[in-house]
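This report refers to the structure that appears directly beneath it.
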Amino acid sequence: MARTKLRKFAEIGEMENVFVDPVEMKGKWGDVVLELACGAGDYAVALAQSCPERKFVGVDRKGDRIWVGAKKALGLNCSNVAFLHGQIAKLGEYFGPGEVSEIWITFPDPYEKPSKHKQRLTSERFLDVYKGFLKKGGVVHLKTDHLGLFNYTLGVIKARGLKVLEKLQDVHGGGKIDDELQILTHYEGRFLAEGRPIYYLKFKI
């Protein structure tokens, strides 16, 4: 298993749709949509397929996951999605002001222990990172199965005086939802099979 991961890690540096620590790209992306902690890139690839006129970038720190998403995109000839191998906390080094129009955070680690809450991707620490490159009027989407993370994010939004654009406590509960919310990741499909509700927030920073 370790040998396979090392092989994939080595390969991503040679893949045409993967960027590794791309400090040289800052200010050169144009208008992009990010999926953070993208894993195997299910959401990023699906969004790119549904909106071929837009550009998408999936971000993850694990090279073997990036490899899977990049291979999938190449196999589908999906040229408007790329992947970035790097730390989310360092995104301000890769993207300049106003280069990102939307951020998707799909089923991130909820970091349940209170001592780990600052590592949540909707913590004030990370919102400050996003503010550095999210364009005026840009939005953040959170999709999660974790009620604690959902309520925590609502608390951060309230504390900072941010605007909630949409709030759903059961995305697939029977009401009409946007096409982009109908996209299912591997984990989301599993959660739904277990009868767990999916929570969603859309807000401005």
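Just so we're on the same page: first chain in the structure tokens is A, next is B, and so on; residues restart at 1 for each chain, and ligands are numbered from 1 in the order they show up.
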Determine, counting only C-alpha atoms, which protein, DNA and RNA residues have an atom within 8 Å of an atom of segment 32-43 of chain A; residues of the same chain fewer than 3 positions away are not included. Present the result as a CSV table (one decimal) with N, CA and C atoms, in the first residue's frame.
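Written output follows (out_38.csv):
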chain,number,residue,atom,x,y,z
A,29,TRP,N,-4.7,32.7,-12.5
A,29,TRP,CA,-5.7,31.7,-12.6
A,29,TRP,C,-6.9,32.2,-13.4
A,46,ALA,N,-17.7,16.6,-11.3
A,46,ALA,CA,-19.1,16.7,-11.7
A,46,ALA,C,-19.5,18.2,-11.9
A,47,LEU,N,-19.0,19.1,-11.1
A,47,LEU,CA,-19.3,20.5,-11.4
A,47,LEU,C,-18.7,21.0,-12.7
A,54,ARG,N,-16.9,27.2,-17.1
A,54,ARG,CA,-16.3,27.7,-15.9
A,54,ARG,C,-15.0,26.8,-15.6
A,55,LYS,N,-14.1,27.3,-14.8
A,55,LYS,CA,-12.9,26.6,-14.4
A,55,LYS,C,-13.0,26.2,-12.9
A,56,PHE,N,-12.6,25.0,-12.6
A,56,PHE,CA,-12.7,24.4,-11.3
A,56,PHE,C,-11.3,23.9,-10.9
A,57,VAL,N,-11.0,24.0,-9.6
A,57,VAL,CA,-9.8,23.4,-9.0
A,57,VAL,C,-10.1,22.7,-7.7
A,58,GLY,N,-9.8,21.4,-7.7
A,58,GLY,CA,-9.9,20.6,-6.5
A,58,GLY,C,-8.6,20.7,-5.7
A,59,VAL,N,-8.7,20.9,-4.4
A,59,VAL,CA,-7.6,21.0,-3.5
A,59,VAL,C,-7.6,20.0,-2.4
A,60,ASP,N,-6.4,19.3,-2.3
A,60,ASP,CA,-6.3,18.3,-1.2
A,60,ASP,C,-4.8,18.2,-0.9
A,61,ARG,N,-4.5,17.8,0.4
A,61,ARG,CA,-3.1,17.6,0.8
A,61,ARG,C,-2.6,16.2,0.6
A,62,LYS,N,-3.5,15.3,0.2
A,62,LYS,CA,-3.1,13.9,0.0
A,62,LYS,C,-2.9,13.6,-1.4
A,65,ARG,N,-5.1,10.8,-3.3
A,65,ARG,CA,-6.4,11.2,-3.6
A,65,ARG,C,-6.5,12.1,-4.9
A,66,ILE,N,-5.5,13.1,-4.9
A,66,ILE,CA,-5.4,13.9,-6.0
A,66,ILE,C,-5.2,13.1,-7.3
A,67,TRP,N,-4.4,12.1,-7.2
A,67,TRP,CA,-4.1,11.2,-8.4
A,67,TRP,C,-5.4,10.6,-8.9
A,68,VAL,N,-6.3,10.1,-8.0
A,68,VAL,CA,-7.5,9.5,-8.5
A,68,VAL,C,-8.4,10.6,-9.2
A,69,GLY,N,-8.5,11.8,-8.6
A,69,GLY,CA,-9.3,12.8,-9.3
A,69,GLY,C,-8.8,13.2,-10.6
A,70,ALA,N,-7.5,13.4,-10.6
A,70,ALA,CA,-6.9,13.9,-11.9
A,70,ALA,C,-7.0,12.8,-13.0
A,88,ILE,N,-4.4,23.7,2.5
A,88,ILE,CA,-5.5,24.7,2.4
A,88,ILE,C,-5.1,26.0,3.1
A,99,GLU,N,-9.5,36.2,-7.4
A,99,GLU,CA,-9.3,35.1,-8.4
A,99,GLU,C,-10.3,34.0,-8.2
A,100,VAL,N,-10.9,33.9,-7.1
A,100,VAL,CA,-11.9,32.8,-6.8
A,100,VAL,C,-13.3,33.3,-6.6
A,101,SER,N,-14.2,32.8,-7.3
A,101,SER,CA,-15.6,33.3,-7.2
A,101,SER,C,-16.5,32.4,-6.2
A,102,GLU,N,-16.1,31.2,-6.1
A,102,GLU,CA,-16.9,30.3,-5.2
A,102,GLU,C,-16.0,29.3,-4.5
A,103,ILE,N,-16.3,28.9,-3.3
A,103,ILE,CA,-15.6,27.8,-2.6
A,103,ILE,C,-16.6,26.8,-2.2
A,104,TRP,N,-16.3,25.5,-2.5
A,104,TRP,CA,-17.1,24.4,-2.1
A,104,TRP,C,-16.3,23.6,-1.0
A,105,ILE,N,-17.0,23.4,0.1
A,105,ILE,CA,-16.4,22.5,1.2
A,105,ILE,C,-17.3,21.4,1.4
A,106,THR,N,-16.9,20.2,0.8
A,106,THR,CA,-17.8,19.1,0.8
A,106,THR,C,-17.4,18.0,1.7
A,108,PRO,N,-16.1,17.8,4.9
A,108,PRO,CA,-14.7,17.9,5.4
A,108,PRO,C,-14.6,17.1,6.8
A,183,ILE,N,-25.5,16.6,-6.9
A,183,ILE,CA,-24.3,15.8,-7.1
A,183,ILE,C,-24.0,15.0,-5.8
A,184,LEU,N,-23.7,13.8,-5.9
A,184,LEU,CA,-23.4,12.9,-4.8
A,184,LEU,C,-21.9,12.5,-4.8
A,185,THR,N,-21.2,12.7,-3.7
A,185,THR,CA,-19.9,12.2,-3.5
A,185,THR,C,-20.1,10.7,-3.1
A,186,HIS,N,-18.9,10.0,-3.1
A,186,HIS,CA,-19.0,8.6,-2.6
A,186,HIS,C,-19.5,8.6,-1.1
Which of chain A DSSP labels alpha helix (DSSP H), written as a PyMOL selection string = chain A and resi 2-12+42-50+63-75+124-131+147-160+186-193
Please, which residues of segment 19-93 of chain A, numbered as in this document, come out strand (DSSP E) from DSSP, as a count of residues only?
-> 18
Coordinates-based distance that separates atom CA of Asn17 of chain A from atom CA of Ser79 of chain A (Å, one decimal) |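 Result for atom CA of Ser79 of chain A versus atom CA of Asn17 of chain A: 8.0 Å, one decimal.
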Counting only C-alpha atoms, which of A:Phe203, A:Tyr111, A:Phe150, A:Phe95 gets nearest to Gly27 of chain A?
-> A:Phe95
Could you tell me which of A:Gly161, A:Lys135, A:Val45, A:Asn151 comes closest to Ala73 of chain A if we count only C-alpha atoms?
->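 So, comparing all the options, the nearest one is A:Val45.
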Suppose you want the space between atom CA of Asp21 of chain A and atom CA of Gly96 of chain A; what is it in Å?
->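 These two atoms are separated by 14.3 Å.
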Counting only C-alpha atoms, the option among A:Pro110, A:Gly173, A:Gly195, A:Gly92 closest to Gly148 of chain A =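 Going through A:Pro110, A:Gly173, A:Gly195, A:Gly92 one by one, the smallest distance to Gly148 of chain A is for A:Pro110.
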Quick one: pull the distance between atom CA of Asp31 of chain A and atom CA of Pro52 of chain A, Å, one decimal.
->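 Atom CA of Pro52 of chain A lies at a distance of 13.3 Å from atom CA of Asp31 of chain A.
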Residue neighbourhood Thr153 of chain A, 9 Å, only C-alpha atoms, exclusion window fewer than 2 positions, as a PDB file with C-alpha atoms, in the first residue's frame:
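Final output, saved to part-v3.pdb:
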ATOM      1  CA  THR A 122     -15.189  26.975   8.362  1.00  0.00           C
ATOM      2  CA  SER A 123     -13.319  28.299  11.397  1.00  0.00           C
ATOM      3  CA  LEU A 142     -20.678  23.855   3.012  1.00  0.00           C
ATOM      4  CA  GLY A 148     -22.073  19.763  15.040  1.00  0.00           C
ATOM      5  CA  LEU A 149     -20.031  21.247  12.202  1.00  0.00           C
ATOM      6  CA  PHE A 150     -23.180  22.723  10.646  1.00  0.00           C
ATOM      7  CA  ASN A 151     -24.169  24.471  13.904  1.00  0.00           C
ATOM      8  CA  GLY A 155     -22.154  30.301  15.038  1.00  0.00           C
ATOM      9  CA  VAL A 156     -19.075  31.571  13.187  1.00  0.00           C
ATOM     10  CA  ILE A 157     -21.295  33.247  10.582  1.00  0.00           C
ATOM     11  CA  LYS A 158     -23.324  34.973  13.306  1.00  0.00           C
ATOM     12  CA  LEU A 201     -25.047  26.292   3.985  1.00  0.00           C
TER      13      LEU A 201
END
Point out the residue among A:Leu154, A:Val18, A:Met25, A:Val81 with the least atom-to-atom distance to Cys51 of chain A, counting only C-alpha atoms.
-> A:Val81
Write out as an NGL selection string each polymer residue whose atoms come within 7 Å of Tyr94 of chain A, counting only C-alpha atoms; drop sequence neighbours fewer than 6 positions from it.
-> :A and (22-23 or 25-26)
Please, could you write that set of residues out with N, CA, C and O atoms as an mmCIF file, in the first residue's frame?
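That gives us result08.cif:
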data_model
loop_
_atom_site.group_PDB
_atom_site.id
_atom_site.type_symbol
_atom_site.label_atom_id
_atom_site.label_comp_id
_atom_site.auth_asym_id
_atom_site.auth_seq_id
_atom_site.Cartn_x
_atom_site.Cartn_y
_atom_site.Cartn_z
ATOM 1 N N PRO A 22 1.884 25.553 -6.209
ATOM 2 C CA PRO A 22 2.066 26.445 -7.378
ATOM 3 C C PRO A 22 2.129 27.935 -7.047
ATOM 4 O O PRO A 22 1.272 28.725 -7.470
ATOM 5 N N VAL A 23 3.156 28.340 -6.335
ATOM 6 C CA VAL A 23 3.276 29.753 -5.976
ATOM 7 C C VAL A 23 3.414 30.633 -7.221
ATOM 8 O O VAL A 23 3.029 31.811 -7.213
ATOM 9 N N MET A 25 1.710 30.496 -9.823
ATOM 10 C CA MET A 25 0.413 30.696 -10.472
ATOM 11 C C MET A 25 -0.390 31.851 -9.873
ATOM 12 O O MET A 25 -1.409 32.248 -10.414
ATOM 13 N N LYS A 26 0.066 32.387 -8.773
ATOM 14 C CA LYS A 26 -0.689 33.446 -8.111
ATOM 15 C C LYS A 26 -0.907 34.616 -9.057
ATOM 16 O O LYS A 26 0.035 35.144 -9.652
#
Between A:Val20, A:Ile12, A:Val139, A:Ala44, which has the minimum distance to Leu91 of chain A (counting only C-alpha atoms)?
-> A:Val20
